[in-house]
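Visitor: This is the structure I have questions about; it appears just below.
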Amino acid sequence: MGDLTANFSRHEFKCKGLDCCGGSDPINIYLVKNLQNLRDMVGKSLIITSGFRCRKHNSSKEVGGAHNSQHIYGDGADVKVPTGMTPDQLKELAERIPAFKLGGIGLYSTWVHLDVRKNGPARWDMRKN
């Protein structure tokens, strides 16, 4: 049971940086609700590997996040690809959700970045070929 949606809790989205903001968590509930929709479609738990990131943590060597990352606004999350799925399969399901279709979807080898950006769709693939 989550405290934000049926399956997601605020602590899953807090900043994981050390020596920065103390685990702040100003996450966009619109993002969380759409992640819940995706989780319902997948039929399996979705593990959030990164949610909100304060600017200090986002720019750290550990993360190396983009300067204007959606994570710093609480509008983005990285989701571990569930066992038995590929990043492409998770992306295909996310594309069926209008908030993600109009937002950002980035593919990585073991996770997919999803965001609810307001400045149009963005797509990228950072997997090694």
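Letters for chains follow the order of the structure tokens (A, B, ...), residue numbers begin at 1 for each chain, and ligand numbers begin at 1 in the order shown.
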Residues near Lys91 in chain A, anyone? I mean within 8 Å using only C-alpha atoms, not counting same-chain ones fewer than 2 positions away, as a list of chain:residue names.
Guide: A:Pro87, A:Asp88, A:Gln89, A:Leu93, A:Ala94, A:Glu95, A:Ile105, A:Leu107, A:Val112
Visitor: Using only C-alpha atoms, which residues sit within 7 Å of Gly23 in chain A once same-chain residues fewer than 3 positions away are excluded, as a PyMOL selection string?
Guide: chain A and resi 14-16
Visitor: Write the residues of the preceding selection, restricted to C-alpha atoms, as a compact mmCIF listing (two decimals), in the first residue's frame.
Guide:
```txt
# COMPACT_ATOMS: atom_id res chain seq x y z
CA LYS A 14 13.01 11.22 -2.28
CA CYS A 15 16.44 12.52 -3.22
CA LYS A 16 19.02 9.78 -2.65
```
Visitor: Could you give me, as a list in words, the residues within 12 Å of Leu4 in chain A, counting only C-alpha atoms and dropping anything in the same chain fewer than 5 positions from it?
Guide: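 Once the nearby chain positions are removed, what remains is Ser9, Arg10, His11, Glu12, Phe13, Ile27, Asn28, Ile29, Tyr30, Leu31, Val32, Lys33, Asn34, Leu35 and Gln36 of chain A.
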Visitor: How about saving the chosen residues, C-alpha atoms kept, as a compact mmCIF listing (two decimals), in the first residue's frame?
Guide:
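See again-v1.txt below for the written result:
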```txt
# COMPACT_ATOMS: atom_id res chain seq x y z
CA SER A 9 4.89 5.90 -1.53
CA ARG A 10 6.58 9.26 -1.11
CA HIS A 11 9.81 7.71 0.22
CA GLU A 12 10.41 6.01 -3.16
CA PHE A 13 10.81 9.41 -4.82
CA ILE A 27 7.47 14.97 -6.36
CA ASN A 28 4.75 15.83 -8.88
CA ILE A 29 1.63 13.78 -8.05
CA TYR A 30 0.66 13.86 -11.74
CA LEU A 31 3.85 11.89 -12.46
CA VAL A 32 3.07 9.41 -9.69
CA LYS A 33 -0.51 8.87 -10.85
CA ASN A 34 0.70 8.13 -14.36
CA LEU A 35 3.35 5.76 -13.03
CA GLN A 36 0.51 4.01 -11.20
```
Visitor: Find, counting only C-alpha atoms, the residue in A:Gly43, A:Gly2, A:Gly103, A:Gly17 that gets nearest to Val63 in chain A.
Guide: A:Gly17
Visitor: Could you tell me which of A:Gly74, A:Met41, A:Leu18, A:Pro26 comes closest to His57 in chain A if we count only C-alpha atoms?
Guide: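 The answer is A:Leu18, which sits nearest to His57 in chain A.
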Visitor: Which is closer to Thr5 in chain A than all the others in A:Asp25, A:Glu62, A:Asp125, A:Asp40, using only C-alpha atoms?
Guide: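 Looking at the shortest contact to Thr5 in chain A, the residue is A:Asp40.
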Visitor: So, counting only C-alpha atoms, which residue among A:Arg117, A:Met1, A:Lys44, A:Lys80 is closest to Asn68 in chain A?
Guide: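 Result for the nearest residue to Asn68 in chain A: A:Arg117.
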Visitor: Which residue out of A:Cys20, A:Leu114, A:Val79, A:Ala6 has the minimum interatomic distance to Leu46 in chain A when only C-alpha atoms are used?
Guide: A:Val79
Visitor: Between A:Pro98, A:Phe52, A:Met85, A:Asn37, which residue has the minimum interatomic distance to Ser69 in chain A, considering only C-alpha atoms?
Guide: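 Residue with the minimum atom-to-atom distance to Ser69 in chain A: A:Phe52.
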